[in-house]
$ cat run27.tsv   # TSV, C-alpha atoms (C1' of nucleotides)
chain	number	residue	atom	x	y	z
A	1	MET	CA	0.00	0.00	0.00
A	2	GLN	CA	2.68	2.43	-1.09
A	3	VAL	CA	1.94	5.90	0.22
A	4	THR	CA	4.45	7.60	-2.07
A	5	ASN	CA	5.64	10.24	0.35
A	6	MET	CA	5.07	13.25	-1.85
A	7	LYS	CA	6.24	16.08	0.37
A	8	ASN	CA	6.52	19.31	-1.51
A	9	ALA	CA	9.99	20.38	-2.46
A	10	THR	CA	9.98	23.54	-4.48
A	11	SER	CA	6.34	23.35	-5.35
A	12	LYS	CA	5.12	26.88	-4.69
A	13	PRO	CA	6.64	29.48	-6.98
A	14	THR	CA	4.63	32.59	-7.71
A	15	SER	CA	2.06	32.14	-4.93
A	16	GLU	CA	-0.63	30.01	-6.48
A	17	SER	CA	-4.11	31.40	-7.07
A	18	ALA	CA	-3.56	34.95	-5.83
A	19	ARG	CA	-4.41	36.92	-8.97
A	20	ARG	CA	-2.45	40.17	-9.13
A	21	SER	CA	-4.89	41.87	-11.48
A	22	ASP	CA	-7.14	40.87	-14.37
A	23	CYS	CA	-4.60	42.00	-16.94
A	24	PRO	CA	-3.85	39.19	-19.40
A	25	VAL	CA	-0.15	40.08	-19.42
A	26	ALA	CA	0.14	39.92	-15.63
A	27	ASN	CA	-1.72	36.62	-15.54
A	28	ALA	CA	0.37	35.16	-18.33
A	29	LEU	CA	3.51	36.18	-16.43
A	30	ASP	CA	2.21	34.46	-13.30
A	31	ARG	CA	2.19	31.23	-15.31
A	32	VAL	CA	5.28	31.47	-17.49
A	33	GLY	CA	7.05	34.62	-16.30
A	34	ASP	CA	10.25	33.12	-14.98
A	35	LYS	CA	13.64	32.15	-16.34
A	36	TRP	CA	12.83	28.49	-17.07
A	37	SER	CA	9.25	27.73	-18.06
A	38	LEU	CA	9.46	29.13	-21.57
A	39	LEU	CA	12.76	27.33	-22.16
A	40	ILE	CA	10.97	24.06	-21.49
A	41	VAL	CA	8.23	25.08	-23.89
A	42	ARG	CA	10.93	25.96	-26.41
A	43	ASP	CA	12.41	22.48	-26.02
A	44	MET	CA	9.03	20.86	-26.48
A	45	LEU	CA	8.40	22.89	-29.62
A	46	ALA	CA	11.77	21.61	-30.77
A	47	GLY	CA	10.57	18.04	-30.29
A	48	LYS	CA	11.87	17.09	-26.87
A	49	THR	CA	9.49	15.14	-24.68
A	50	THR	CA	11.28	13.55	-21.76
A	51	TYR	CA	12.73	14.73	-18.47
A	52	GLY	CA	16.14	13.54	-19.53
A	53	GLN	CA	16.02	15.43	-22.81
A	54	PHE	CA	15.12	18.68	-21.05
A	55	LEU	CA	18.12	18.23	-18.79
A	56	GLU	CA	20.39	18.03	-21.81
A	57	SER	CA	19.69	21.58	-22.95
A	58	PRO	CA	22.70	23.90	-22.77
A	59	GLU	CA	21.19	26.16	-20.10
A	60	GLY	CA	21.42	23.33	-17.56
A	61	ILE	CA	18.18	23.53	-15.65
A	62	PRO	CA	18.45	22.15	-12.09
A	63	THR	CA	16.50	18.91	-11.62
A	64	ASN	CA	14.28	20.21	-8.85
A	65	ILE	CA	13.32	23.27	-10.88
A	66	LEU	CA	12.56	21.13	-13.92
A	67	SER	CA	10.43	18.83	-11.83
A	68	ASP	CA	8.58	21.77	-10.33
A	69	ARG	CA	7.99	23.57	-13.61
A	70	LEU	CA	6.68	20.46	-15.29
A	71	LYS	CA	4.12	20.05	-12.49
A	72	ARG	CA	3.18	23.70	-12.52
A	73	MET	CA	2.69	23.85	-16.26
A	74	GLU	CA	0.69	20.67	-16.11
A	75	ARG	CA	-1.58	22.21	-13.45
A	76	PHE	CA	-2.02	25.25	-15.66
A	77	GLY	CA	-2.95	23.10	-18.62
A	78	ILE	CA	0.05	24.15	-20.68
A	79	ILE	CA	1.53	20.67	-20.90
A	80	LYS	CA	0.27	17.13	-20.49
A	81	ARG	CA	2.03	14.19	-18.86
A	82	ALA	CA	1.44	10.64	-20.04
A	83	ALA	CA	3.01	7.22	-19.67
A	84	TYR	CA	4.53	6.13	-22.93
A	85	GLN	CA	5.45	2.69	-21.58
A	86	LYS	CA	4.97	0.69	-18.42
A	87	ARG	CA	7.29	-1.92	-16.98
A	88	PRO	CA	9.61	0.55	-16.08
A	89	VAL	CA	6.81	3.08	-16.25
A	90	ARG	CA	8.10	6.10	-18.11
A	91	HIS	CA	6.33	9.33	-18.82
A	92	ASP	CA	6.71	11.95	-21.45
A	93	TYR	CA	5.44	15.47	-21.74
A	94	SER	CA	3.69	17.22	-24.56
A	95	LEU	CA	2.18	20.62	-25.19
A	96	THR	CA	-1.58	21.02	-24.97
A	97	PRO	CA	-3.25	23.26	-27.55
A	98	GLU	CA	-2.85	26.13	-25.06
A	99	GLY	CA	0.82	25.36	-24.70
A	100	LYS	CA	1.33	25.21	-28.42
A	101	GLN	CA	-0.13	28.68	-28.72
A	102	LEU	CA	2.80	29.94	-26.69
A	103	GLY	CA	4.85	29.20	-29.78
A	104	ILE	CA	3.85	32.59	-31.15
A	105	VAL	CA	5.16	34.33	-28.04
A	106	LEU	CA	8.34	32.27	-28.18
A	107	ARG	CA	8.89	33.11	-31.80
A	108	GLU	CA	8.63	36.83	-31.10
A	109	LEU	CA	10.80	36.62	-28.03
A	110	ALA	CA	13.42	34.76	-30.05
A	111	ALA	CA	13.22	37.32	-32.84
A	112	TRP	CA	13.69	40.10	-30.30
A	113	GLY	CA	16.68	38.42	-28.71
A	114	LEU	CA	18.26	37.61	-32.04
A	115	GLU	CA	17.91	41.21	-33.14
A	116	ASN	CA	18.86	42.95	-29.92
A	117	ILE	CA	21.27	40.77	-28.02
A	118	ALA	CA	24.73	40.38	-29.46
A	119	GLY	CA	26.01	36.86	-29.68
A	120	THR	CA	22.71	35.03	-29.84
A	121	LYS	CA	22.20	32.49	-32.59
A	122	LYS	CA	19.11	30.57	-33.54
A	123	ALA	CA	20.87	27.21	-33.94
A	124	ILE	CA	19.97	24.61	-31.33
A	125	LEU	CA	16.41	24.29	-32.55
A	126	PRO	CA	15.21	22.69	-35.78
A	127	GLY	CA	15.74	26.02	-37.47
A	128	SER	CA	12.30	26.80	-38.76
A	129	PHE	CA	11.50	27.92	-35.25
A	130	VAL	CA	12.68	31.52	-35.27
A	131	SER	CA	11.00	33.96	-37.63
A	132	LYS	CA	13.27	36.13	-39.75
A	133	ARG	CA	11.76	39.64	-39.60
B	1	MET	CA	30.86	66.99	0.08
B	2	GLN	CA	27.90	64.66	-0.12
B	3	VAL	CA	29.01	61.14	-0.94
B	4	THR	CA	25.52	59.86	-1.80
B	5	ASN	CA	25.84	56.50	-0.13
B	6	MET	CA	24.62	54.30	-2.94
B	7	LYS	CA	24.86	50.86	-1.43
B	8	ASN	CA	23.20	48.24	-3.53
B	9	ALA	CA	19.86	47.02	-2.32
B	10	THR	CA	18.32	44.46	-4.61
B	11	SER	CA	20.54	45.27	-7.54
B	12	LYS	CA	21.57	41.83	-8.73
B	13	PRO	CA	18.70	39.68	-9.99
B	14	THR	CA	19.44	37.05	-12.60
B	15	SER	CA	23.22	36.95	-12.09
B	16	GLU	CA	24.56	39.62	-14.39
B	17	SER	CA	26.73	38.72	-17.38
B	18	ALA	CA	26.79	34.94	-17.00
B	19	ARG	CA	25.30	33.88	-20.32
B	20	ARG	CA	23.41	30.61	-19.97
B	21	SER	CA	23.65	29.74	-23.65
B	22	ASP	CA	23.61	31.57	-26.97
B	23	CYS	CA	19.93	30.88	-27.51
B	24	PRO	CA	18.04	34.12	-28.16
B	25	VAL	CA	15.13	32.94	-26.03
B	26	ALA	CA	17.34	32.16	-23.03
B	27	ASN	CA	19.10	35.49	-23.36
B	28	ALA	CA	15.85	37.39	-23.72
B	29	LEU	CA	14.57	35.68	-20.58
B	30	ASP	CA	17.71	36.70	-18.71
B	31	ARG	CA	16.74	40.31	-19.41
B	32	VAL	CA	12.98	40.32	-19.07
B	33	GLY	CA	12.08	36.85	-17.83
B	34	ASP	CA	10.61	37.71	-14.47
B	35	LYS	CA	7.26	38.68	-13.05
B	36	TRP	CA	7.72	42.46	-13.24
B	37	SER	CA	9.90	43.73	-16.07
B	38	LEU	CA	7.38	43.21	-18.83
B	39	LEU	CA	4.63	44.79	-16.75
B	40	ILE	CA	6.70	47.97	-16.60
B	41	VAL	CA	7.18	47.79	-20.36
B	42	ARG	CA	3.42	47.30	-20.70
B	43	ASP	CA	2.85	50.44	-18.64
B	44	MET	CA	5.29	52.42	-20.74
B	45	LEU	CA	3.60	51.26	-23.93
B	46	ALA	CA	0.39	52.47	-22.32
B	47	GLY	CA	1.92	55.90	-21.88
B	48	LYS	CA	3.19	55.91	-18.31
B	49	THR	CA	6.58	57.48	-17.76
B	50	THR	CA	7.22	58.16	-14.07
B	51	TYR	CA	8.09	56.11	-11.05
B	52	GLY	CA	4.90	57.22	-9.37
B	53	GLN	CA	2.74	56.16	-12.30
B	54	PHE	CA	4.27	52.69	-12.37
B	55	LEU	CA	3.46	52.33	-8.69
B	56	GLU	CA	-0.20	53.04	-9.40
B	57	SER	CA	-0.69	49.93	-11.53
B	58	PRO	CA	-3.07	47.37	-10.03
B	59	GLU	CA	-0.41	44.69	-9.58
B	60	GLY	CA	1.27	46.79	-6.87
B	61	ILE	CA	4.96	46.44	-7.60
B	62	PRO	CA	7.14	46.89	-4.48
B	63	THR	CA	9.22	50.09	-4.61
B	64	ASN	CA	12.58	48.36	-4.31
B	65	ILE	CA	11.76	46.00	-7.15
B	66	LEU	CA	10.56	48.85	-9.35
B	67	SER	CA	13.74	50.77	-8.63
B	68	ASP	CA	15.85	47.74	-9.40
B	69	ARG	CA	14.06	46.82	-12.62
B	70	LEU	CA	14.25	50.36	-13.96
B	71	LYS	CA	18.02	50.32	-13.43
B	72	ARG	CA	18.39	46.87	-14.92
B	73	MET	CA	16.39	47.64	-18.02
B	74	GLU	CA	18.29	50.87	-18.43
B	75	ARG	CA	21.58	48.96	-18.27
B	76	PHE	CA	20.25	46.57	-20.90
B	77	GLY	CA	19.25	49.44	-23.15
B	78	ILE	CA	15.57	48.65	-23.01
B	79	ILE	CA	14.60	51.94	-21.39
B	80	LYS	CA	16.14	55.37	-21.05
B	81	ARG	CA	16.08	57.69	-18.04
B	82	ALA	CA	16.09	61.47	-18.44
B	83	ALA	CA	15.41	64.55	-16.34
B	84	TYR	CA	12.24	66.23	-17.50
B	85	GLN	CA	12.68	69.16	-15.09
B	86	LYS	CA	15.22	70.42	-12.60
B	87	ARG	CA	14.59	72.38	-9.41
B	88	PRO	CA	13.24	69.53	-7.87
B	89	VAL	CA	15.05	67.41	-10.41
B	90	ARG	CA	12.64	64.82	-11.67
B	91	HIS	CA	13.25	62.00	-14.10
B	92	ASP	CA	11.03	60.06	-16.39
B	93	TYR	CA	11.52	56.82	-18.26
B	94	SER	CA	10.91	55.97	-21.87
B	95	LEU	CA	11.37	52.96	-24.12
B	96	THR	CA	14.35	52.84	-26.43
B	97	PRO	CA	13.81	51.42	-29.93
B	98	GLU	CA	14.82	48.02	-28.53
B	99	GLY	CA	12.30	48.37	-25.75
B	100	LYS	CA	9.54	49.34	-28.13
B	101	GLN	CA	10.18	46.19	-30.09
B	102	LEU	CA	9.13	44.23	-27.03
B	103	GLY	CA	5.66	45.49	-27.82
B	104	ILE	CA	5.24	42.64	-30.26
B	105	VAL	CA	6.08	40.10	-27.58
B	106	LEU	CA	3.74	41.84	-25.15
B	107	ARG	CA	0.94	41.83	-27.67
B	108	GLU	CA	1.26	38.09	-28.22
B	109	LEU	CA	1.56	37.38	-24.53
B	110	ALA	CA	-1.57	39.42	-23.89
B	111	ALA	CA	-3.42	37.64	-26.69
B	112	TRP	CA	-2.41	34.30	-25.19
B	113	GLY	CA	-3.55	35.28	-21.72
B	114	LEU	CA	-6.79	36.72	-22.95
B	115	GLU	CA	-7.55	33.55	-24.84
B	116	ASN	CA	-6.38	31.01	-22.29
B	117	ILE	CA	-6.80	32.46	-18.83
B	118	ALA	CA	-10.34	32.87	-17.60
B	119	GLY	CA	-11.18	36.22	-16.09
B	120	THR	CA	-8.57	38.31	-17.89
B	121	LYS	CA	-9.72	41.49	-19.62
B	122	LYS	CA	-7.80	43.82	-21.83
B	123	ALA	CA	-9.11	47.01	-20.18
B	124	ILE	CA	-6.50	48.98	-18.26
B	125	LEU	CA	-4.53	49.88	-21.35
B	126	PRO	CA	-5.52	52.26	-24.13
B	127	GLY	CA	-7.24	49.38	-25.85
B	128	SER	CA	-5.48	49.26	-29.16
B	129	PHE	CA	-2.75	47.44	-27.34
B	130	VAL	CA	-4.04	43.87	-27.42
B	131	SER	CA	-4.48	42.22	-30.79
B	132	LYS	CA	-7.78	40.44	-31.40
B	133	ARG	CA	-6.94	37.08	-33.02
C	1	DC	C1'	12.03	80.29	9.51
C	2	DC	C1'	9.00	76.34	10.36
C	3	DT	C1'	5.87	72.73	9.07
C	4	DA	C1'	3.47	69.83	5.89
C	5	DG	C1'	3.42	67.65	1.41
C	6	DT	C1'	5.36	65.30	-2.75
C	7	DT	C1'	8.34	62.42	-5.60
C	8	DA	C1'	11.60	59.13	-5.91
C	9	DC	C1'	14.12	56.16	-3.90
C	10	DT	C1'	16.99	53.32	-0.21
C	11	DT	C1'	17.30	50.14	3.77
C	12	DG	C1'	16.28	46.41	6.95
C	13	DC	C1'	14.69	42.34	7.50
C	14	DA	C1'	11.63	38.02	7.09
C	15	DT	C1'	9.96	34.96	3.71
C	16	DT	C1'	10.35	32.57	-0.83
C	17	DT	C1'	12.82	30.77	-4.70
C	18	DT	C1'	16.97	29.08	-6.73
C	19	DG	C1'	20.59	26.12	-7.49
C	20	DC	C1'	23.77	22.52	-6.46
C	21	DA	C1'	24.88	17.96	-4.86
C	22	DA	C1'	23.55	13.87	-3.17
C	23	DG	C1'	20.15	10.65	-2.36
C	24	DT	C1'	16.04	7.43	-3.75
C	25	DT	C1'	12.78	4.54	-6.45
C	26	DA	C1'	11.73	1.32	-9.86
C	27	DC	C1'	13.19	-1.44	-13.02
C	28	DT	C1'	16.21	-4.00	-16.79
C	29	DG	C1'	20.07	-6.76	-18.39
C	30	DG	C1'	23.77	-9.76	-17.54
D	1	DC	C1'	23.20	-10.27	-7.10
D	2	DC	C1'	25.30	-6.22	-9.26
D	3	DA	C1'	25.75	-2.39	-12.43
D	4	DG	C1'	23.17	0.87	-14.99
D	5	DT	C1'	19.52	4.17	-16.21
D	6	DA	C1'	15.48	7.39	-15.98
D	7	DA	C1'	13.06	10.28	-13.24
D	8	DC	C1'	12.69	12.39	-9.45
D	9	DT	C1'	13.13	14.04	-4.20
D	10	DT	C1'	15.67	16.12	-0.37
D	11	DG	C1'	18.80	19.13	2.17
D	12	DC	C1'	20.68	23.25	2.42
D	13	DA	C1'	23.13	27.63	1.33
D	14	DA	C1'	22.65	31.59	-1.42
D	15	DA	C1'	19.95	34.86	-3.91
D	16	DA	C1'	15.57	37.28	-4.95
D	17	DT	C1'	11.16	39.09	-3.32
D	18	DG	C1'	8.02	41.79	-0.61
D	19	DC	C1'	6.71	44.75	3.03
D	20	DA	C1'	7.23	48.68	6.01
D	21	DA	C1'	9.72	52.43	7.30
D	22	DG	C1'	13.25	55.83	6.50
D	23	DT	C1'	15.69	59.47	3.63
D	24	DA	C1'	16.78	63.29	0.19
D	25	DA	C1'	15.55	67.25	-2.17
D	26	DC	C1'	12.65	70.45	-2.87
D	27	DT	C1'	8.09	73.49	-2.96
D	28	DA	C1'	4.18	75.89	-0.92
D	29	DG	C1'	1.91	78.07	2.87
D	30	DG	C1'	1.80	80.58	7.23
$ encode --input "run27.tsv" --output "structure tokens"
Amino acid sequence: MQVTNMKNATSKPTSESARRSDCPVANALDRVGDKWSLLIVRDMLAGKTTYGQFLESPEGIPTNILSDRLKRMERFGIIKRAAYQKRPVRHDYSLTPEGKQLGIVLRELAAWGLENIAGTKKAILPGSFVSKR
Amino acid sequence: MQVTNMKNATSKPTSESARRSDCPVANALDRVGDKWSLLIVRDMLAGKTTYGQFLESPEGIPTNILSDRLKRMERFGIIKRAAYQKRPVRHDYSLTPEGKQLGIVLRELAAWGLENIAGTKKAILPGSFVSKR
DNA sequence: CCTAGTTACTTGCATTTTGCAAGTTACTGG
DNA sequence: CCAGTAACTTGCAAAATGCAAGTAACTAGG
């Protein structure tokens, strides 16, 4: 009768459920306004689906943060977690329709960075990801 | 011989100058990937220019964070600070061309929030700000 | 001159988040 | 049984956030 001791580790970033205002920008930032969430979405848009693959990205996300963000984004309906095999049960993550819509934001953010921050290169991703402008 | 004791208060968010990768998204997030920076940019796009006006926004940004973000974004060349009167010298803030380009990102982020987060309303801003989709 | 008011910040903490390193769990393969 | 792997969790120390109160530089009024 395994009780899977699920204490919370880093599970409460941006104080859940306390809406700062009804502004769509503020609310969007309360969901993905941090240094890591959108990088995970970027990786998923680039085709990555597993915990291990996210860890391989050059930015080096800490494991506890990755674990926390995956749970948070799942709660927010941005991503979906599902077992892709049992007998070692393994899960993978995928973007929900809502999550996929963040692609537009990502594309613009990437275009902005590419244009305004010296030394940035699109590489890494499949290529088609960043718009030219 | 006033030495204006300018100790640093909260002046070092996202560890300055340590590039996480050369990805434009990661670099953009190191500049504006937090809960407040883009809200200030939103306010500036909506016409606000002074410290006091930023404080009036419904999200209630803490004064030390506002002060810090204004300095940070100025260092990054996203905004510009200038005296608009002397004898009580007063400054105001405005977006640089780079900062204005964030408008596109903001517009998409707002559109995403409006479409995917229940209870968000465009209001607050001049209106023309959020795209319809 | 003295007092109140205003704008724009700075400072001091207490509380949260981060980030790093080291476990832990559940299996598989040999 | 032992090594190996994927996916996490846990323990902290360090850094960022948020709140309340204090300060600097003036102006306006009495």
$ interface_residues --input "run27.tsv" --of "chain A" --to "chain B" --cutoff "10 Å" --atoms "all atoms listed in the file" --output "PyMOL selection string"
chain A and resi 14+19-39+42+57-61+76-78+97-99+101-125+130
$ closest_residue --input "run27.tsv" --among "A:Lys100, A:Tyr84, A:Arg72, A:Pro62" --to "chain C" --atoms "all atoms listed in the file"
A:Pro62
$ residues_around --input "run27.tsv" --residues "DA4 in chain C" --least-positions-apart "4" --cutoff "12 Å" --atoms "all atoms listed in the file" --output "ChimeraX atom specification"
/D:27-30
$ atom_distance --input "run27.tsv" --atom1 "C1' of DA20 in chain D" --atom2 "C1' of DT3 in chain C"
24.3 Å
$ atom_distance --input "run27.tsv" --atom1 "C1' of DG11 in chain D" --atom2 "C1' of DA22 in chain C"
8.9 Å
$ interface_residues --input "run27.tsv" --of "chain D" --to "chain A" --cutoff "9 Å" --atoms "only C-alpha atoms (C1' of nucleotides)" --output "PyMOL selection string"
chain D and resi 6-10
$ closest_atom_pairs --input "run27.tsv" --of "chain C" --to "chain B" --cutoff "9 Å" --atoms "only C-alpha atoms (C1' of nucleotides)" --output "Markdown table"
| residue | atom | partner | partner_atom | distance |
| --- | --- | --- | --- | --- |
| C:DT7 | C1' | B:Gly52 | CA | 7.3 |
| C:DA8 | C1' | B:Tyr51 | CA | 6.9 |
| C:DC9 | C1' | B:Ser67 | CA | 7.2 |
| C:DT10 | C1' | B:Ala9 | CA | 7.2 |
| C:DT11 | C1' | B:Ala9 | CA | 7.3 |
$ write_last_selection --input "run27.tsv" --atoms "C-alpha atoms (C1' of nucleotides)" --output "compact mmCIF listing (two decimals), in the coordinates of the input"
# COMPACT_ATOMS: atom_id res chain seq x y z
C1' DT C 7 8.34 62.42 -5.60
C1' DA C 8 11.60 59.13 -5.91
C1' DC C 9 14.12 56.16 -3.90
C1' DT C 10 16.99 53.32 -0.21
C1' DT C 11 17.30 50.14 3.77
$ atom_distance --input "run27.tsv" --atom1 "CA of Ala83 in chain B" --atom2 "CA of Arg69 in chain B"
18.2 Å
$ residues_around --input "run27.tsv" --residues "Glu74 in chain B" --least-positions-apart "5" --cutoff "10 Å" --atoms "all atoms listed in the file" --output "list in words"
Asp68, Arg69, Ile79, Lys80, Arg81, Tyr93, Ser94, Leu95, Thr96 and Gly99 of chain B
$ residues_near_point --input "run27.tsv" --point "(10.7, 33.3, -0.1)" --cutoff "9 Å" --atoms "all atoms listed in the file" --output "PyMOL selection string"
(chain A and resi 13) or (chain C and resi 14-17) or (chain D and resi 16-18)
$ decode --input "run27.tsv" --residues "range 59-122 of chain A" --atoms "C-alpha atoms" --output "compact mmCIF listing (two decimals), in the first residue's frame"
# COMPACT_ATOMS: atom_id res chain seq x y z
CA GLU A 59 21.19 26.16 -20.10
CA GLY A 60 21.42 23.33 -17.56
CA ILE A 61 18.18 23.53 -15.65
CA PRO A 62 18.45 22.15 -12.09
CA THR A 63 16.50 18.91 -11.62
CA ASN A 64 14.28 20.21 -8.85
CA ILE A 65 13.32 23.27 -10.88
CA LEU A 66 12.56 21.13 -13.92
CA SER A 67 10.43 18.83 -11.83
CA ASP A 68 8.58 21.77 -10.33
CA ARG A 69 7.99 23.57 -13.61
CA LEU A 70 6.68 20.46 -15.29
CA LYS A 71 4.12 20.05 -12.49
CA ARG A 72 3.18 23.70 -12.52
CA MET A 73 2.69 23.85 -16.26
CA GLU A 74 0.69 20.67 -16.11
CA ARG A 75 -1.58 22.21 -13.45
CA PHE A 76 -2.02 25.25 -15.66
CA GLY A 77 -2.95 23.10 -18.62
CA ILE A 78 0.05 24.15 -20.68
CA ILE A 79 1.53 20.67 -20.90
CA LYS A 80 0.27 17.13 -20.49
CA ARG A 81 2.03 14.19 -18.86
CA ALA A 82 1.44 10.64 -20.04
CA ALA A 83 3.01 7.22 -19.67
CA TYR A 84 4.53 6.13 -22.93
CA GLN A 85 5.45 2.69 -21.58
CA LYS A 86 4.97 0.69 -18.42
CA ARG A 87 7.29 -1.92 -16.98
CA PRO A 88 9.61 0.55 -16.08
CA VAL A 89 6.81 3.08 -16.25
CA ARG A 90 8.10 6.10 -18.11
CA HIS A 91 6.33 9.33 -18.82
CA ASP A 92 6.71 11.95 -21.45
CA TYR A 93 5.44 15.47 -21.74
CA SER A 94 3.69 17.22 -24.56
CA LEU A 95 2.18 20.62 -25.19
CA THR A 96 -1.58 21.02 -24.97
CA PRO A 97 -3.25 23.26 -27.55
CA GLU A 98 -2.85 26.13 -25.06
CA GLY A 99 0.82 25.36 -24.70
CA LYS A 100 1.33 25.21 -28.42
CA GLN A 101 -0.13 28.68 -28.72
CA LEU A 102 2.80 29.94 -26.69
CA GLY A 103 4.85 29.20 -29.78
CA ILE A 104 3.85 32.59 -31.15
CA VAL A 105 5.16 34.33 -28.04
CA LEU A 106 8.34 32.27 -28.18
CA ARG A 107 8.89 33.11 -31.80
CA GLU A 108 8.63 36.83 -31.10
CA LEU A 109 10.80 36.62 -28.03
CA ALA A 110 13.42 34.76 -30.05
CA ALA A 111 13.22 37.32 -32.84
CA TRP A 112 13.69 40.10 -30.30
CA GLY A 113 16.68 38.42 -28.71
CA LEU A 114 18.26 37.61 -32.04
CA GLU A 115 17.91 41.21 -33.14
CA ASN A 116 18.86 42.95 -29.92
CA ILE A 117 21.27 40.77 -28.02
CA ALA A 118 24.73 40.38 -29.46
CA GLY A 119 26.01 36.86 -29.68
CA THR A 120 22.71 35.03 -29.84
CA LYS A 121 22.20 32.49 -32.59
CA LYS A 122 19.11 30.57 -33.54
